[in-house]
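To start, the structure under review is shown below, and the notes come after it.
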Amino acid sequence: MNHLKLAGLKEGARTIIHVGNIRIGRDMVVIAGPCSVESEQQTLTIAHAVLKAGAGLLRGGAFKPRTSPYSFQGLGLKGLKILAKAREETGLPVVTEVLDTRDVGWVSEYADVLQVGARNMQNFSLLKEIGKVGKPVMLKRGMFATYAEWLNCAEYILDAGNPDVILCERGIRTFEPWTRNTLDLSAIPAMKELSHLPIFVDPTHGTGRVELIQPMSMAAVAAGADGLMVEVHHDPEHAMSDGPQALLPEQFETLMVEISRLREALGGTIHDDDAQLEGEGGVEDFGEKKAREYAW
Ligand code: PEP
Ligand code: MN
C-alpha cells in the first residue's frame with residue numbers, strides 16, 4: 001500500500017492524539033454511552049454510569065444513520081446540547097457522529113471527536129470537509145470495506161489537513177446471520193502493520209449480541225487494540241435504537257474491571273492512571289511529534 005503517503009506506516013512512529021488528558025494511541029481508552037441521545041435524563045444517567053465505571057469518553061448519536069427513514073433519526077442540535085451538558089457535568093469528552101457535509105462545521109463546535117459512521121466511510125465529500133476541521137476523527141470501517149479502501153479514506157482526511165484520525169473496526173458483512181456483523185479482529189494487528197494511526201474496536205455493532213461483547217472486548221485488548229467503543233443503556237428495552245445490543249451499566253462496570261485485569265496481566269494500565277500522573281508534554285510526546293511530522 002505504498003500509495004498511502006500519509007496514513008501508511010513509516011519508521012515505527014505512531015500517532016498519539018490528545019483529547020483532554022487522554023492520550024489516544026498510547027493509553028487504553030474506552031468510549032462508552034448510548035447508541036442515540038434520547039433525552040437529557042437518559043444521557044446524563046448513562047454518562048454518570050460510564051464515568052463511574054472508568055470510561056474515558058462519552059459516545060452518543062445526535063444524528064443517526066438508520067436503515068429505515070421511519071426509524072428515529074436522532075435529536076440533532078438538541079442532542080448535541082445534551083451531550084455538551086453531559087460533558088460539563090462529567091468532564092467526559094464527547095464522541096458523536098456527523099452524517100452530512102453541511103453539518104460538519106457546527107457539529108464540530110459541540111464534539112470533541114467527530115465520528116464517521118460505517119455507512120459514510122467512503123463519502124469522500126464528507127471526508128474532505130472533516131479534514132478541514134481541527135477536531136480528531138473516528139473513522140469507522142465500512143461494512144464492505146477492505147483494509148486498503150478504509151486506509152484510503154483515512155488518507156482523504158489526512159490529506160485535507162487533519163492529522164488526528166482514529167480507525168475503528170466495527171464488523172463486516174459475511175454470510176453469518178447469527179451475529180449482526182463479523183468482527184474482524186485481524187484488523188488490529190493489520191492496522192498496526194500498515195499504519196501509524198490508533199485502532200479501536202466496536203464489539204457492540206461488531207457482534208450485535210450482548211453476550212459476545214465481553215469476550216470480544218477481551219480479545220480485542222489482547223490483540224493490541226488502542227481502545228474500545230461500547231454502547232451502554234440503563235433501560236435497553238425502551239432504547240430508541242440498538243437496545244438489544246446495549247450493555248447495562250453494571251455489565252459495563254464488570255467489563256471495565258475485566259479489561260483492567262487483562263491489561264495488568266499484559267503489563268499495561270488503564271488510561272487515566274498514568275495519563276494523570278504524566279500529564280501533557282514530556283518524553284512521550286516525542287512519538288507524537290514524529291508521527292505528526294510524518295502525517296503532514
Ligand atoms: C454508531 O456507532 O453509532 C454507529 C451507527 O455505528 P456504525 O456506523 O459502525 O454502524
Ligand atoms: Mn448503535
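Within each chain, counting starts at residue 1; across the C-alpha cells, chains are named A, B, ... in the order shown, with ligands numbered 1 upward in that order.
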Using 8 Å as the limit and counting only C-alpha atoms and all ligand atoms, can you tabulate each residue of chain A that touches ligand 1, with its shortest atom-to-atom distance in Å and the two atoms involved, as a Markdown table?
```
| residue | atom | partner | partner_atom_place_in_ligand_line | distance |
| --- | --- | --- | --- | --- |
| A:Cys35 | CA | ligand 1 | 3 (O) | 5.3 |
| A:Ser36 | CA | ligand 1 | 3 (O) | 7.1 |
| A:Gly60 | CA | ligand 1 | 3 (O) | 7.0 |
| A:Gly61 | CA | ligand 1 | 3 (O) | 5.8 |
| A:Lys64 | CA | ligand 1 | 5 (C) | 6.4 |
| A:Pro65 | CA | ligand 1 | 5 (C) | 6.0 |
| A:Arg66 | CA | ligand 1 | 5 (C) | 7.8 |
| A:Thr96 | CA | ligand 1 | 3 (O) | 7.8 |
| A:Glu97 | CA | ligand 1 | 3 (O) | 6.8 |
| A:Gln115 | CA | ligand 1 | 2 (O) | 7.8 |
| A:Val116 | CA | ligand 1 | 8 (O) | 7.0 |
| A:Gly117 | CA | ligand 1 | 8 (O) | 3.3 |
| A:Ala118 | CA | ligand 1 | 8 (O) | 3.8 |
| A:Arg119 | CA | ligand 1 | 8 (O) | 5.8 |
| A:Asn120 | CA | ligand 1 | 8 (O) | 7.6 |
| A:Lys140 | CA | ligand 1 | 9 (O) | 5.7 |
| A:Arg141 | CA | ligand 1 | 9 (O) | 7.1 |
| A:Gly142 | CA | ligand 1 | 9 (O) | 7.5 |
| A:Met143 | CA | ligand 1 | 9 (O) | 7.9 |
| A:Glu169 | CA | ligand 1 | 9 (O) | 7.9 |
| A:Arg170 | CA | ligand 1 | 9 (O) | 5.2 |
| A:Gly171 | CA | ligand 1 | 9 (O) | 7.7 |
| A:Asp202 | CA | ligand 1 | 9 (O) | 7.4 |
| A:His205 | CA | ligand 1 | 9 (O) | 5.9 |
| A:Gly206 | CA | ligand 1 | 9 (O) | 7.7 |
| A:Met229 | CA | ligand 1 | 2 (O) | 7.9 |
```
All strand (DSSP E) residues (DSSP, backbone) inside segment 66-152 of chain A, as an MDAnalysis selection string: chainID A and resid 94:97 113:116 137:140
Take the residues from that selection and put them in a file with N, CA, C and O atoms, as a compact mmCIF listing (two decimals), in the first residue's frame.
```txt
# COMPACT_ATOMS: atom_id res chain seq x y z
N VAL A 94 -16.69 14.21 24.38
CA VAL A 94 -17.82 13.63 23.68
C VAL A 94 -17.47 13.20 22.24
O VAL A 94 -16.82 13.95 21.51
N VAL A 95 -17.90 11.99 21.89
CA VAL A 95 -17.73 11.48 20.51
C VAL A 95 -19.11 11.39 19.89
O VAL A 95 -20.01 10.74 20.46
N THR A 96 -19.31 12.03 18.74
CA THR A 96 -20.62 11.97 18.11
C THR A 96 -20.50 11.98 16.59
O THR A 96 -19.55 12.52 16.04
N GLU A 97 -21.46 11.34 15.95
CA GLU A 97 -21.38 11.16 14.50
C GLU A 97 -21.88 12.38 13.75
O GLU A 97 -22.87 13.02 14.13
N VAL A 113 -14.66 14.63 19.54
CA VAL A 113 -14.22 13.72 18.47
C VAL A 113 -15.40 13.53 17.52
O VAL A 113 -16.51 13.21 17.97
N LEU A 114 -15.15 13.74 16.23
CA LEU A 114 -16.21 13.54 15.23
C LEU A 114 -16.17 12.10 14.75
O LEU A 114 -15.10 11.57 14.43
N GLN A 115 -17.33 11.48 14.68
CA GLN A 115 -17.38 10.10 14.19
C GLN A 115 -17.90 10.07 12.76
O GLN A 115 -18.88 10.74 12.43
N VAL A 116 -17.18 9.31 11.92
CA VAL A 116 -17.70 9.00 10.58
C VAL A 116 -18.17 7.56 10.66
O VAL A 116 -17.40 6.65 10.96
N VAL A 137 -10.93 12.67 14.55
CA VAL A 137 -11.99 11.96 13.84
C VAL A 137 -11.89 10.47 14.12
O VAL A 137 -10.79 9.90 14.06
N MET A 138 -13.03 9.85 14.40
CA MET A 138 -13.05 8.39 14.48
C MET A 138 -13.68 7.87 13.19
O MET A 138 -14.86 8.13 12.92
N LEU A 139 -12.89 7.17 12.41
CA LEU A 139 -13.32 6.69 11.09
C LEU A 139 -13.67 5.20 11.21
O LEU A 139 -12.79 4.35 11.31
N LYS A 140 -14.96 4.92 11.18
CA LYS A 140 -15.38 3.52 11.29
C LYS A 140 -15.21 2.81 9.96
O LYS A 140 -15.35 3.42 8.89
```
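As for atom CA of Ile172 of chain A and atom CA of Phe144 of chain A, they are spaced 6.0 Å apart.
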For a test of reading the model, state the distance in Å between atom CA of Leu6 of chain A and atom CA of Gly20 of chain A, rounded to one decimal.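 Going from atom CA of Leu6 of chain A over to atom CA of Gly20 of chain A covers 24.8 Å.
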Rank nothing, just name the residue among A:Pro215, A:Gly54, A:Pro203, A:Pro69 nearest to ligand 2, using only C-alpha atoms and all ligand atoms.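 Using only C-alpha atoms and all ligand atoms, ligand 2 sits closest to A:Pro203.
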Name the residues in contact with Ala49 of chain A at a cut-off of 10 Å, using only C-alpha atoms, excluding same-chain residues fewer than 3 positions from it; report them as a list in words.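 Final neighbour list, sorted by chain and number: Ala32, Gly33, Thr43, Leu44, Thr45, Ile46, Lys52, Ala53, Gly54, Ala55, Thr90, Val232, His233, His234, Leu248, Pro249, Glu250, Phe252 and Glu253 of chain A.
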Per DSSP on the backbone, filter segment 23-242 of chain A down to the residues in alpha helix (DSSP H) and report them as an MDAnalysis selection string. chainID A and resid 40:53 77:90 104:110 124:130 147:159 187:194 203:207 210:222
For the residues in the current selection, export C-alpha atoms as a CSV table (one decimal), in the first residue's frame.
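Saved to result-v1.csv:
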```
chain,number,residue,atom,x,y,z
A,40,GLU,CA,-31.3,14.8,28.9
A,41,GLN,CA,-32.2,12.5,31.7
A,42,GLN,CA,-31.3,9.4,29.7
A,43,THR,CA,-27.9,10.7,28.5
A,44,LEU,CA,-26.9,12.1,31.9
A,45,THR,CA,-27.8,8.9,33.7
A,46,ILE,CA,-25.7,6.9,31.3
A,47,ALA,CA,-22.8,9.4,31.3
A,48,HIS,CA,-22.5,9.3,35.0
A,49,ALA,CA,-22.6,5.5,35.0
A,50,VAL,CA,-19.9,5.1,32.4
A,51,LEU,CA,-17.8,7.7,34.1
A,52,LYS,CA,-18.0,5.8,37.4
A,53,ALA,CA,-17.0,2.6,35.6
A,77,LEU,CA,-29.0,20.1,17.7
A,78,LYS,CA,-31.0,19.3,20.8
A,79,GLY,CA,-29.0,16.1,21.1
A,80,LEU,CA,-25.7,18.0,20.8
A,81,LYS,CA,-26.7,20.4,23.5
A,82,ILE,CA,-27.5,17.4,25.8
A,83,LEU,CA,-24.1,15.9,25.0
A,84,ALA,CA,-22.5,19.3,25.9
A,85,LYS,CA,-24.3,19.3,29.2
A,86,ALA,CA,-23.2,15.7,29.9
A,87,ARG,CA,-19.6,16.8,29.2
A,88,GLU,CA,-20.0,19.7,31.6
A,89,GLU,CA,-21.4,17.5,34.4
A,90,THR,CA,-19.0,14.6,34.0
A,104,VAL,CA,-19.5,19.4,9.8
A,105,GLY,CA,-18.7,23.0,10.9
A,106,TRP,CA,-21.3,23.4,13.6
A,107,VAL,CA,-21.3,19.8,14.8
A,108,SER,CA,-17.6,20.1,15.4
A,109,GLU,CA,-18.2,23.0,17.8
A,110,TYR,CA,-20.0,20.5,20.1
A,124,PHE,CA,-15.4,11.4,0.0
A,125,SER,CA,-17.1,14.9,0.2
A,126,LEU,CA,-17.7,14.3,4.0
A,127,LEU,CA,-14.1,13.1,4.5
A,128,LYS,CA,-12.7,16.2,2.7
A,129,GLU,CA,-14.9,18.5,4.8
A,130,ILE,CA,-13.9,16.8,8.0
A,147,TYR,CA,-8.2,-2.6,4.6
A,148,ALA,CA,-6.9,-0.6,1.6
A,149,GLU,CA,-10.3,1.1,1.0
A,150,TRP,CA,-10.5,2.0,4.7
A,151,LEU,CA,-7.0,3.4,4.9
A,152,ASN,CA,-7.5,5.4,1.7
A,153,CYS,CA,-10.5,7.0,3.4
A,154,ALA,CA,-8.2,7.9,6.3
A,155,GLU,CA,-5.8,9.3,3.7
A,156,TYR,CA,-8.5,11.6,2.4
A,157,ILE,CA,-8.9,13.2,5.9
A,158,LEU,CA,-5.1,13.4,6.5
A,159,ASP,CA,-4.6,14.9,3.0
A,187,ALA,CA,-7.8,-5.7,11.5
A,188,ILE,CA,-6.0,-4.8,14.8
A,189,PRO,CA,-2.5,-6.3,14.0
A,190,ALA,CA,-3.1,-5.5,10.3
A,191,MET,CA,-3.6,-1.8,11.0
A,192,LYS,CA,-0.6,-1.8,13.3
A,193,GLU,CA,1.4,-3.2,10.5
A,194,LEU,CA,0.1,-0.9,7.8
A,203,PRO,CA,-17.7,-5.0,19.7
A,204,THR,CA,-21.3,-3.7,20.0
A,205,HIS,CA,-22.0,-3.2,16.4
A,206,GLY,CA,-19.4,-5.8,15.5
A,207,THR,CA,-21.4,-8.6,17.1
A,210,VAL,CA,-24.7,-8.6,24.4
A,211,GLU,CA,-23.3,-11.9,25.4
A,212,LEU,CA,-20.4,-11.6,22.8
A,213,ILE,CA,-19.3,-8.1,23.8
A,214,GLN,CA,-17.2,-9.0,26.9
A,215,PRO,CA,-15.3,-11.9,25.2
A,216,MET,CA,-14.7,-9.9,22.0
A,217,SER,CA,-13.6,-6.9,24.0
A,218,MET,CA,-11.0,-9.0,25.9
A,219,ALA,CA,-9.8,-10.5,22.6
A,220,ALA,CA,-9.5,-7.0,21.1
A,221,VAL,CA,-7.4,-5.8,24.0
A,222,ALA,CA,-5.3,-8.9,23.9
```
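Straight-line separation from atom CA of Gly25 of chain A to atom CA of Asp226 of chain A: 5.5 Å.
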Given the choices A:Gly161, A:Met121, A:Val37, A:Gly134, which gets closest to ligand 2 if the distance is worked out from only C-alpha atoms and all ligand atoms?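 Among the listed residues, A:Val37 lies closest to ligand 2.
When only C-alpha atoms and all ligand atoms are used to measure the gap to ligand 2, the shortest distance among A:Glu258, A:Asp242, A:Asp164, A:Asp27 belongs to A:Asp242.
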Restricting the calculation to only C-alpha atoms, which member of A:Met240, A:Leu4, A:Leu262, A:Ile199 is positioned closest to Glu38 of chain A?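 Using only C-alpha atoms, the shortest distance to Glu38 of chain A belongs to A:Met240.
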For a quick check of understanding, using only C-alpha atoms and all ligand atoms, which of A:Leu75, A:Ala246, A:Leu57, A:Leu92 has the smallest distance to ligand 2?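 Closest to ligand 2 of all the choices is A:Ala246.
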Pick from A:Ile17, A:Glu231, A:Thr101, A:Arg209: nearest to Val165 of chain A, with only C-alpha atoms counted? A:Ile17
Spatial neighbours of His196 of chain A, 9 Å, only C-alpha atoms, chain gap at least 3 places, as a PyMOL selection string: chain A and resi 7-10+12-15+191-193+291+295
